[in-house]
Amino acid sequence: MNKTGKVFLWAAVAVLGAIAVAVVAVHRGEPINALWLVAAATCCYALGYRFYSRFIATKVLALDALRATPAERLENGRDFLVTNKWVVFGHHFAAIAGPGPLVGPVLAAQFGYLPGTLWVLAGAVFAGCVQDFVILLFSVRRDGKSLTEMAKEEIGRVGGIVAYAAVIAILVILLAVAALIVVNALKDSPWGTFTIAMTIPIALLMGLYLRRVRPGKVLEVSVLGFILVLLAIWGGQWASQNPTMAQIFTLRAPTLALLIIVYGFAASAVPVWLLLAPRDYLSTFVKLGTIGLLAIGIVALHPTLHMPALTRFIDGTGPVFAGKIFPFAFITIACGAISGFHSLISSGTTPKLIARETETRMVGYGAMMCESAVAVMAIIAACSMQPGVYFAINSPAGVVGQSAAAATATISNWGFAVTPADMQALARAVGEQTLFNRTGGAPAFAVGMARIFSQSLGGDRVMALWYHFAVMFEALFILTVLDAGTRVARFMIQDALGHIYKPLGRTSWYPSILATSALIVATWGYFLWQGVKDPLGGINSLWPLFGIANQLLATVALCVATTIIVKTHRAKYAAVTLVPLAWLVAATFTASWHKVFDPSPRIGFLAQANVLAAGPATTASAKLIFNNRLDAAVTALLVVMVALVLIESGRQWIGVLRGRGDIRVKESPFVMTRLAQEQR
Amino acid sequence: MRSIITVLRIMLATLREIFDEAAYARFLSRSKLASSAKAYAAFRHEFEEAKTRRPKCC
């Protein structure tokens with residue numbers, strides 16, 4: 001295409017994008033079609049990638065195609081390996097795509113479809129994609145070093161320690177929240193519980209098959225595992241209808257929580273090949289397939305969004321979680337817009353596979369765009385439901401009332417019509433006894449996804465199968481995050497303890513494995529138990545805590561990035577990372593302040609503790625008071641630590657700009673690539 | 001037709017990389033071993049620590 005043609009093409013994309021965003025933002029009253037969201041997202045991503053990421057690549061980072069990457073210089077056939085860019089892209093996307101971009105947008109849909117959509121689009125293009133891209137490139141230029149190592153080298157010891165502590169805190173809270181989502185999706189659901197329980201013997205079978213029958217044939221065994229999982233979903237229907245089986249698999253939340261805690265410990269302590277690796281493969285297989293299928297389903301069905309653009313809950317009185325749009329929408333939706341956790345992946349495996357610096361743009365910026373697109377799909381799935389149904393599923397009994405009549409009356413009074421008969425019919429259609437009080441976002445997303453799938457394929461009579469397929473899909477990769485995360489946290493603790501007593505650092509020493517596994521499982525298990533026992537549903541306190549921890553890690557990552565940009569004499573472009581950093585600091589610090597000190601007991605941890613303390617003193621209330629104070633202390637500690645990193649970074653920037661600071665960056669020296677010479 | 005084959009090849013290569021089949025093939029070639037239960041156990045032993053240290057995002 002010639003230059004004029006390209007100008008016209010991009011002008012057309014910009015005009016279409018502007019119209020679509022305007023329709024999404026300005027339209028009120030009648031429901032709009034989901035295709036407007038799809039068009040807005042596609043155009044924003046295309047423009048962001050073509051223009052903004054190119055500006056960052058050429059002006060800010062000055063990507064050098066002639067500079068040898070660690071994959072080439074340190075190639076060892078294991079960690080460091082020159083790899084095709086599309087393969088690295090797939091690998092990176094599979095690692096960053098977790099349940100976060102599905103759950104966060106579903107929870108934030110209580111504000112309406114508009115806040116979540118705008119934050120996902122703007123957040124991804126100007127913050128999340130930028131963070132993943134720059135951290136990936138800086139890690140590539142430092143032999144694939146991790147974020148904590150880069151923070152230590154570029155900002156100072158404080159940066160390294162805070163990054164380490166933030167990672168541990170995020171892992172613990174993430175694991176508790178992930179487990180709570182699974183508990184809420186499976187409680188009183190014999191069908192779902194049976195299906196998920198069956199994935200354990202299926203994973204064990206896959207592990208044995210891989211080890212003994214067909215060594216290394218992972219794709220083959222994943223297909224086999226997937227077929228067995230489909231049979232387990234079908235079998236779940238039988239289990240739910242058989243009185244004996246239904247009784248065995250109908251479990252209450254506390255029982256499920258205990259089972260998951262025991263499972264987490266076992267998954268951390270048993271050999272990887274037996275359970276963790278096969279489940280990871282199975283989960284990745286299902287995840288990639290389902291996300292692709294959902295994208296096709298949304299475009300084919302292009303559902304209408306019944307949720308209004310903005311709901312009355314922007315005032316902070318929302319039933320799903322309490323708090324106003326600012327700052328709570330921005331910490332509730334993390335992975336779809338910006339997630340600090342991604343900086344760990346961008347400075348983990350991926351930089352060791354990149355063949356050329358220029359490919360970091362596609363892998364870092366591009367993969368995060370795809371993740372953001374998954375978040376848009378989650379918004380569509382949640383907002384295409386009738387709002388009354390959405391609130392009936394996602395509201396805790398402590399807010400809307402214990403009985404079906406009370407809950408529907410409360411929700412209808414808010415202006416979102418729903419009746420007990422509607423909810424009963426929906427529960428019957430998806431093969432559940434009830435859908436009330438299913439907090440956590442996963443069941444609501446499963447209902448939305450089942451509706452899209454069943455209307456595209458099979459009709460209402462297969463909605464129950466699709467619903468349980470969706471529950472299985474979410475629970476499977478949440479459990480994968482749970483067992484992989486427990487292991488990662490275990491290794492990190494072992495590394496730290498190894499400095500105190502050497503044998504504790506040995507990852508093959510069983511007393512150390514058992515002790516550190518128990519420590520990490522007990523820590524996230526404590527928060528899980530706290531969530532299960534919380535009268536407000538647990539998500540109200542744990543999800544914001546997770547969002548705060550995750551966004552604080554993004555703050556550390558952006559501090560590292562800004563410091564490197566300033567040190568490399570590109571301070572005039574520092575706004576690229578400084579603006580998202582300022583926004584994150586504003587949102588996260590405000591959210592933390594509210595969560596600790598807000599006078600409303602539904603928002604502030606201390607206020608809730610005070611209300612409980614003023615009531616009748618019981619064992620349960622004493623525990624709840626302690627939990628609220630603990631949550632407040634954890635939040636405050638995280639904020640203080642990140643504030644220290646900010647101060648330390650600010651001192652570095654001012655020093656460099658005044659010509660007094662240390663301007664040395666810890667990049668590996670330039671080595672000319674062989675790959676370019678070979679291609680000549 | 002050639003471009004379709006190229007796309008399919010890249011997709012298969014991506015899947016083989018994500019599912020560690022390519023890593024196992026590299027291990028076999030590096031260690032000059034034939035695929036067997038013993039070789040796969042050795043691969044997993046070498047690979048496990050690095051693999052399980054990788055964080056997976058939320």
# chains A, B, ... in the order shown; residues from 1 in each chain; ligands from 1
$ interface_residues --of "chain A" --to "chain B" --cutoff "7 Å" --atoms "only C-alpha atoms" --output "ChimeraX atom specification"
/A:77,86-87,90-91,95-100,211-212,215-219,272,281,341-342,345,348,481,484-485,487-488,491
$ write_last_selection --atoms "N, CA and C atoms" --output "PDB file, in the first residue's frame"
ATOM      1  N   GLY A  77      20.311 -23.597  25.406  1.00  0.00           N
ATOM      2  CA  GLY A  77      19.335 -24.632  25.053  1.00  0.00           C
ATOM      3  C   GLY A  77      18.297 -24.871  26.136  1.00  0.00           C
ATOM      4  N   TRP A  86       6.734 -15.232  17.211  1.00  0.00           N
ATOM      5  CA  TRP A  86       5.345 -15.635  17.440  1.00  0.00           C
ATOM      6  C   TRP A  86       5.260 -16.677  18.546  1.00  0.00           C
ATOM      7  N   VAL A  87       6.281 -17.528  18.588  1.00  0.00           N
ATOM      8  CA  VAL A  87       6.319 -18.544  19.636  1.00  0.00           C
ATOM      9  C   VAL A  87       6.489 -17.854  21.001  1.00  0.00           C
ATOM     10  N   GLY A  90       3.206 -16.271  22.001  1.00  0.00           N
ATOM     11  CA  GLY A  90       2.256 -17.265  22.539  1.00  0.00           C
ATOM     12  C   GLY A  90       2.622 -17.659  23.957  1.00  0.00           C
ATOM     13  N   HIS A  91       3.907 -17.880  24.175  1.00  0.00           N
ATOM     14  CA  HIS A  91       4.413 -18.276  25.486  1.00  0.00           C
ATOM     15  C   HIS A  91       4.108 -17.181  26.514  1.00  0.00           C
ATOM     16  N   ALA A  95       1.381 -17.070  29.730  1.00  0.00           N
ATOM     17  CA  ALA A  95       1.819 -16.854  31.118  1.00  0.00           C
ATOM     18  C   ALA A  95       1.100 -15.679  31.778  1.00  0.00           C
ATOM     19  N   ILE A  96       0.773 -14.628  30.995  1.00  0.00           N
ATOM     20  CA  ILE A  96       0.141 -13.460  31.644  1.00  0.00           C
ATOM     21  C   ILE A  96      -1.380 -13.592  31.748  1.00  0.00           C
ATOM     22  N   ALA A  97      -1.976 -14.438  30.906  1.00  0.00           N
ATOM     23  CA  ALA A  97      -3.444 -14.532  30.907  1.00  0.00           C
ATOM     24  C   ALA A  97      -3.912 -15.460  32.012  1.00  0.00           C
ATOM     25  N   GLY A  98      -4.446 -14.903  33.067  1.00  0.00           N
ATOM     26  CA  GLY A  98      -4.987 -15.683  34.173  1.00  0.00           C
ATOM     27  C   GLY A  98      -6.441 -15.324  34.410  1.00  0.00           C
ATOM     28  N   PRO A  99      -6.994 -15.644  35.582  1.00  0.00           N
ATOM     29  CA  PRO A  99      -8.397 -15.310  35.847  1.00  0.00           C
ATOM     30  C   PRO A  99      -8.651 -13.820  36.103  1.00  0.00           C
ATOM     31  N   GLY A 100      -7.605 -13.051  36.380  1.00  0.00           N
ATOM     32  CA  GLY A 100      -7.760 -11.627  36.709  1.00  0.00           C
ATOM     33  C   GLY A 100      -8.548 -10.820  35.694  1.00  0.00           C
ATOM     34  N   ARG A 211       4.766 -39.829  31.784  1.00  0.00           N
ATOM     35  CA  ARG A 211       6.006 -40.358  32.359  1.00  0.00           C
ATOM     36  C   ARG A 211       6.276 -41.775  31.864  1.00  0.00           C
ATOM     37  N   ARG A 212       5.198 -42.593  31.769  1.00  0.00           N
ATOM     38  CA  ARG A 212       5.416 -44.024  31.527  1.00  0.00           C
ATOM     39  C   ARG A 212       5.008 -44.489  30.125  1.00  0.00           C
ATOM     40  N   PRO A 215       6.305 -40.840  26.722  1.00  0.00           N
ATOM     41  CA  PRO A 215       7.074 -39.739  27.318  1.00  0.00           C
ATOM     42  C   PRO A 215       7.173 -38.524  26.403  1.00  0.00           C
ATOM     43  N   GLY A 216       6.860 -37.366  26.963  1.00  0.00           N
ATOM     44  CA  GLY A 216       7.063 -36.104  26.245  1.00  0.00           C
ATOM     45  C   GLY A 216       5.962 -35.721  25.278  1.00  0.00           C
ATOM     46  N   LYS A 217       4.948 -36.560  25.094  1.00  0.00           N
ATOM     47  CA  LYS A 217       3.880 -36.239  24.118  1.00  0.00           C
ATOM     48  C   LYS A 217       2.804 -35.387  24.819  1.00  0.00           C
ATOM     49  N   VAL A 218       3.151 -34.163  25.087  1.00  0.00           N
ATOM     50  CA  VAL A 218       2.288 -33.320  25.919  1.00  0.00           C
ATOM     51  C   VAL A 218       1.016 -32.900  25.193  1.00  0.00           C
ATOM     52  N   LEU A 219       1.160 -32.519  23.923  1.00  0.00           N
ATOM     53  CA  LEU A 219      -0.034 -32.086  23.175  1.00  0.00           C
ATOM     54  C   LEU A 219      -1.046 -33.226  23.086  1.00  0.00           C
ATOM     55  N   VAL A 272       6.426 -32.539  40.946  1.00  0.00           N
ATOM     56  CA  VAL A 272       5.766 -31.690  39.955  1.00  0.00           C
ATOM     57  C   VAL A 272       5.140 -32.501  38.819  1.00  0.00           C
ATOM     58  N   TYR A 281      -0.624 -28.016  31.925  1.00  0.00           N
ATOM     59  CA  TYR A 281      -0.811 -28.228  30.479  1.00  0.00           C
ATOM     60  C   TYR A 281      -2.295 -28.230  30.119  1.00  0.00           C
ATOM     61  N   PHE A 341       1.883  -7.669  38.360  1.00  0.00           N
ATOM     62  CA  PHE A 341       2.330  -9.064  38.262  1.00  0.00           C
ATOM     63  C   PHE A 341       2.966  -9.350  36.903  1.00  0.00           C
ATOM     64  N   HIS A 342       2.475  -8.667  35.851  1.00  0.00           N
ATOM     65  CA  HIS A 342       3.030  -8.903  34.504  1.00  0.00           C
ATOM     66  C   HIS A 342       4.516  -8.568  34.443  1.00  0.00           C
ATOM     67  N   ILE A 345       6.623 -11.503  34.832  1.00  0.00           N
ATOM     68  CA  ILE A 345       6.730 -12.390  33.654  1.00  0.00           C
ATOM     69  C   ILE A 345       7.647 -11.720  32.628  1.00  0.00           C
ATOM     70  N   GLY A 348      11.032 -12.370  33.545  1.00  0.00           N
ATOM     71  CA  GLY A 348      11.245 -13.771  33.947  1.00  0.00           C
ATOM     72  C   GLY A 348      11.746 -14.605  32.786  1.00  0.00           C
ATOM     73  N   VAL A 481      -3.221 -21.545  38.997  1.00  0.00           N
ATOM     74  CA  VAL A 481      -2.542 -20.396  39.598  1.00  0.00           C
ATOM     75  C   VAL A 481      -2.240 -20.703  41.066  1.00  0.00           C
ATOM     76  N   ALA A 484       0.646 -23.424  41.239  1.00  0.00           N
ATOM     77  CA  ALA A 484       1.906 -22.846  40.743  1.00  0.00           C
ATOM     78  C   ALA A 484       2.363 -21.717  41.666  1.00  0.00           C
ATOM     79  N   GLY A 485       1.409 -20.874  42.106  1.00  0.00           N
ATOM     80  CA  GLY A 485       1.737 -19.739  42.968  1.00  0.00           C
ATOM     81  C   GLY A 485       2.263 -20.190  44.315  1.00  0.00           C
ATOM     82  N   ARG A 487       3.904 -22.873  44.929  1.00  0.00           N
ATOM     83  CA  ARG A 487       5.274 -23.340  44.715  1.00  0.00           C
ATOM     84  C   ARG A 487       6.245 -22.169  44.541  1.00  0.00           C
ATOM     85  N   VAL A 488       5.834 -21.178  43.733  1.00  0.00           N
ATOM     86  CA  VAL A 488       6.711 -20.026  43.502  1.00  0.00           C
ATOM     87  C   VAL A 488       7.001 -19.327  44.839  1.00  0.00           C
ATOM     88  N   PHE A 491       9.422 -21.322  46.910  1.00  0.00           N
ATOM     89  CA  PHE A 491      10.816 -21.155  46.472  1.00  0.00           C
ATOM     90  C   PHE A 491      11.379 -19.824  46.962  1.00  0.00           C
TER      91      PHE A 491
END
$ residues_around --residues "Cys370 in chain A" --least-positions-apart "6" --cutoff "12 Å" --atoms "only C-alpha atoms" --output "PyMOL selection string"
chain A and resi 41-42+45-46+49+89-90+92-94+96-97+101+120-121+124-125+128-129+288+291-292+295+335-337+362-364+376-377
$ write_last_selection --atoms "C-alpha atoms" --output "compact mmCIF listing (two decimals), in the first residue's frame"
# COMPACT_ATOMS: atom_id res chain seq x y z
CA ALA A 41 -11.40 -1.72 21.49
CA THR A 42 -10.09 -2.88 18.10
CA TYR A 45 -5.52 -1.20 20.17
CA ALA A 46 -4.64 -0.77 16.48
CA TYR A 49 0.16 -0.33 18.70
CA PHE A 89 4.37 -14.12 21.92
CA GLY A 90 2.26 -17.26 22.54
CA HIS A 92 4.23 -14.81 27.04
CA PHE A 93 0.46 -14.49 26.53
CA ALA A 94 -0.15 -17.95 28.04
CA ILE A 96 0.14 -13.46 31.64
CA ALA A 97 -3.44 -14.53 30.91
CA PRO A 101 -8.95 -10.09 33.42
CA VAL A 120 -9.46 -1.15 30.25
CA LEU A 121 -8.84 0.66 26.93
CA ALA A 124 -3.91 -0.89 28.56
CA VAL A 125 -2.76 1.47 25.78
CA GLY A 128 -0.28 -1.74 31.07
CA CYS A 129 1.18 -2.33 27.60
CA LEU A 288 -6.31 -20.83 24.92
CA ILE A 291 -10.68 -17.56 25.00
CA GLY A 292 -10.58 -18.04 21.20
CA ALA A 295 -14.08 -14.13 20.98
CA CYS A 335 -4.92 -7.43 34.73
CA GLY A 336 -7.04 -6.05 31.86
CA ALA A 337 -5.57 -2.53 32.19
CA MET A 362 5.25 -7.07 19.63
CA VAL A 363 5.69 -9.43 22.57
CA GLY A 364 5.52 -6.91 25.45
CA VAL A 376 -13.36 -6.45 27.19
CA MET A 377 -14.92 -9.86 26.53
$ closest_residue --among "A:Phe527, A:Phe391, A:Phe249, A:Trp509" --to "Val634 in chain A" --atoms "only C-alpha atoms"
A:Phe527
$ select_by_dssp --residues "range 295-353 of chain A" --states "alpha helix (DSSP H)" --output "VMD selection string"
chain A and resid 295 to 301 325 to 332 340 to 346
$ residues_around --residues "range 413-429 of chain A" --least-positions-apart "2" --cutoff "10 Å" --atoms "only C-alpha atoms" --output "VMD selection string"
chain A and resid 307 311 to 313 386 to 393 403 to 411 431 to 436 447 460 to 465 467
$ residues_around --residues "Asn184 in chain A" --least-positions-apart "2" --cutoff "10 Å" --atoms "only C-alpha atoms" --output "list in words"
Ala179, Leu180, Ile181, Val182, Leu186, Lys187, Asp188, Ser189, Arg252, Ala253, Leu256, Ala257, Asn437, Arg438, Thr439, Gly440, Gly441, Ala442, Pro443, Val532, Gly537, Gly538 and Ile539 of chain A
$ write_last_selection --atoms "C-alpha atoms" --output "short mmCIF file (atom, residue, chain, number, x, y, z; two decimals), in the first residue's frame"
data_model
loop_
_atom_site.label_atom_id
_atom_site.label_comp_id
_atom_site.auth_asym_id
_atom_site.auth_seq_id
_atom_site.Cartn_x
_atom_site.Cartn_y
_atom_site.Cartn_z
CA ALA A 179 -9.27 -19.97 46.31
CA LEU A 180 -12.24 -17.89 47.53
CA ILE A 181 -13.51 -17.48 43.95
CA VAL A 182 -13.39 -21.27 43.49
CA LEU A 186 -18.53 -24.55 43.85
CA LYS A 187 -20.44 -24.17 47.13
CA ASP A 188 -23.72 -26.15 47.09
CA SER A 189 -22.99 -27.15 43.48
CA ARG A 252 -20.63 -25.87 52.09
CA ALA A 253 -18.11 -23.05 51.77
CA LEU A 256 -14.60 -26.54 50.37
CA ALA A 257 -12.12 -24.05 51.84
CA ASN A 437 -25.16 -15.01 46.79
CA ARG A 438 -22.58 -16.42 44.35
CA THR A 439 -20.06 -13.66 44.95
CA GLY A 440 -16.59 -13.58 43.42
CA GLY A 441 -17.40 -12.86 39.78
CA ALA A 442 -16.76 -16.36 38.46
CA PRO A 443 -20.38 -17.65 38.56
CA VAL A 532 -15.31 -17.53 53.81
CA GLY A 537 -18.85 -12.27 51.24
CA GLY A 538 -15.06 -11.92 51.57
CA ILE A 539 -14.58 -10.44 48.10
#
$ atom_distance --atom1 "CA of Ala329 in chain A" --atom2 "CA of Phe626 in chain A"
27.0 Å
$ atom_distance --atom1 "CA of Lys533 in chain A" --atom2 "CA of Leu612 in chain A"
14.3 Å
$ closest_atom_pairs --of "range 451-492 of chain A" --to "range 224-237 of chain A" --cutoff "8 Å" --atoms "only C-alpha atoms" --output "JSON lines"
{"residue": "A:Leu465", "atom": "CA", "partner": "A:Ile233", "partner_atom": "CA", "distance": 7.0}
{"residue": "A:His468", "atom": "CA", "partner": "A:Ile233", "partner_atom": "CA", "distance": 6.6}
{"residue": "A:Phe469", "atom": "CA", "partner": "A:Ile233", "partner_atom": "CA", "distance": 6.6}
{"residue": "A:Met472", "atom": "CA", "partner": "A:Ile233", "partner_atom": "CA", "distance": 7.9}
$ write_last_selection --atoms "C-alpha atoms" --output "mmCIF file, in the first residue's frame"
data_model
loop_
_atom_site.group_PDB
_atom_site.id
_atom_site.type_symbol
_atom_site.label_atom_id
_atom_site.label_comp_id
_atom_site.auth_asym_id
_atom_site.auth_seq_id
_atom_site.Cartn_x
_atom_site.Cartn_y
_atom_site.Cartn_z
ATOM 1 C CA LEU A 465 -23.451 -27.981 30.033
ATOM 2 C CA HIS A 468 -20.426 -26.007 33.934
ATOM 3 C CA PHE A 469 -17.894 -25.912 31.119
ATOM 4 C CA MET A 472 -14.652 -25.793 34.982
#
$ atom_distance --atom1 "CA of Phe55 in chain A" --atom2 "CA of Val15 in chain A"
20.7 Å
$ decode --residues "range 421-441 of chain A" --atoms "N, CA and C atoms" --output "PDB file, in the first residue's frame"
ATOM      1  N   ALA A 421     -38.806 -16.025  40.678  1.00  0.00           N
ATOM      2  CA  ALA A 421     -39.085 -16.985  39.598  1.00  0.00           C
ATOM      3  C   ALA A 421     -38.033 -16.890  38.492  1.00  0.00           C
ATOM      4  N   ASP A 422     -37.601 -15.648  38.167  1.00  0.00           N
ATOM      5  CA  ASP A 422     -36.545 -15.479  37.147  1.00  0.00           C
ATOM      6  C   ASP A 422     -35.285 -16.228  37.571  1.00  0.00           C
ATOM      7  N   MET A 423     -34.906 -16.024  38.835  1.00  0.00           N
ATOM      8  CA  MET A 423     -33.662 -16.618  39.325  1.00  0.00           C
ATOM      9  C   MET A 423     -33.781 -18.133  39.422  1.00  0.00           C
ATOM     10  N   GLN A 424     -34.986 -18.607  39.793  1.00  0.00           N
ATOM     11  CA  GLN A 424     -35.204 -20.047  39.884  1.00  0.00           C
ATOM     12  C   GLN A 424     -35.093 -20.676  38.490  1.00  0.00           C
ATOM     13  N   ALA A 425     -35.704 -20.000  37.504  1.00  0.00           N
ATOM     14  CA  ALA A 425     -35.668 -20.525  36.126  1.00  0.00           C
ATOM     15  C   ALA A 425     -34.230 -20.552  35.602  1.00  0.00           C
ATOM     16  N   LEU A 426     -33.480 -19.493  35.904  1.00  0.00           N
ATOM     17  CA  LEU A 426     -32.091 -19.442  35.447  1.00  0.00           C
ATOM     18  C   LEU A 426     -31.262 -20.532  36.124  1.00  0.00           C
ATOM     19  N   ALA A 427     -31.457 -20.699  37.450  1.00  0.00           N
ATOM     20  CA  ALA A 427     -30.710 -21.730  38.182  1.00  0.00           C
ATOM     21  C   ALA A 427     -31.018 -23.103  37.592  1.00  0.00           C
ATOM     22  N   ARG A 428     -32.302 -23.336  37.277  1.00  0.00           N
ATOM     23  CA  ARG A 428     -32.691 -24.629  36.695  1.00  0.00           C
ATOM     24  C   ARG A 428     -32.038 -24.803  35.319  1.00  0.00           C
ATOM     25  N   ALA A 429     -32.017 -23.719  34.551  1.00  0.00           N
ATOM     26  CA  ALA A 429     -31.446 -23.798  33.193  1.00  0.00           C
ATOM     27  C   ALA A 429     -29.963 -24.136  33.225  1.00  0.00           C
ATOM     28  N   VAL A 430     -29.251 -23.668  34.271  1.00  0.00           N
ATOM     29  CA  VAL A 430     -27.813 -23.956  34.328  1.00  0.00           C
ATOM     30  C   VAL A 430     -27.497 -25.147  35.237  1.00  0.00           C
ATOM     31  N   GLY A 431     -28.550 -25.822  35.719  1.00  0.00           N
ATOM     32  CA  GLY A 431     -28.342 -27.043  36.498  1.00  0.00           C
ATOM     33  C   GLY A 431     -27.880 -26.806  37.928  1.00  0.00           C
ATOM     34  N   GLU A 432     -28.252 -25.651  38.501  1.00  0.00           N
ATOM     35  CA  GLU A 432     -27.874 -25.350  39.890  1.00  0.00           C
ATOM     36  C   GLU A 432     -29.125 -25.259  40.746  1.00  0.00           C
ATOM     37  N   GLN A 433     -28.934 -25.418  42.075  1.00  0.00           N
ATOM     38  CA  GLN A 433     -30.086 -25.283  42.966  1.00  0.00           C
ATOM     39  C   GLN A 433     -30.430 -23.805  43.168  1.00  0.00           C
ATOM     40  N   THR A 434     -29.400 -22.989  43.245  1.00  0.00           N
ATOM     41  CA  THR A 434     -29.621 -21.544  43.414  1.00  0.00           C
ATOM     42  C   THR A 434     -28.440 -20.771  42.835  1.00  0.00           C
ATOM     43  N   LEU A 435     -28.713 -19.536  42.410  1.00  0.00           N
ATOM     44  CA  LEU A 435     -27.618 -18.679  41.936  1.00  0.00           C
ATOM     45  C   LEU A 435     -27.488 -17.422  42.808  1.00  0.00           C
ATOM     46  N   PHE A 436     -28.268 -17.374  43.890  1.00  0.00           N
ATOM     47  CA  PHE A 436     -28.155 -16.225  44.796  1.00  0.00           C
ATOM     48  C   PHE A 436     -26.840 -16.293  45.563  1.00  0.00           C
ATOM     49  N   ASN A 437     -26.307 -15.084  45.890  1.00  0.00           N
ATOM     50  CA  ASN A 437     -25.158 -15.006  46.791  1.00  0.00           C
ATOM     51  C   ASN A 437     -23.958 -15.785  46.260  1.00  0.00           C
ATOM     52  N   ARG A 438     -23.751 -15.760  44.939  1.00  0.00           N
ATOM     53  CA  ARG A 438     -22.576 -16.423  44.353  1.00  0.00           C
ATOM     54  C   ARG A 438     -21.537 -15.345  44.063  1.00  0.00           C
ATOM     55  N   THR A 439     -20.986 -14.778  45.124  1.00  0.00           N
ATOM     56  CA  THR A 439     -20.058 -13.661  44.947  1.00  0.00           C
ATOM     57  C   THR A 439     -18.736 -14.154  44.359  1.00  0.00           C
ATOM     58  N   GLY A 440     -17.921 -13.213  43.903  1.00  0.00           N
ATOM     59  CA  GLY A 440     -16.586 -13.582  43.416  1.00  0.00           C
ATOM     60  C   GLY A 440     -16.405 -13.346  41.929  1.00  0.00           C
ATOM     61  N   GLY A 441     -17.501 -13.174  41.201  1.00  0.00           N
ATOM     62  CA  GLY A 441     -17.401 -12.861  39.775  1.00  0.00           C
ATOM     63  C   GLY A 441     -17.403 -14.074  38.863  1.00  0.00           C
TER      64      GLY A 441
END
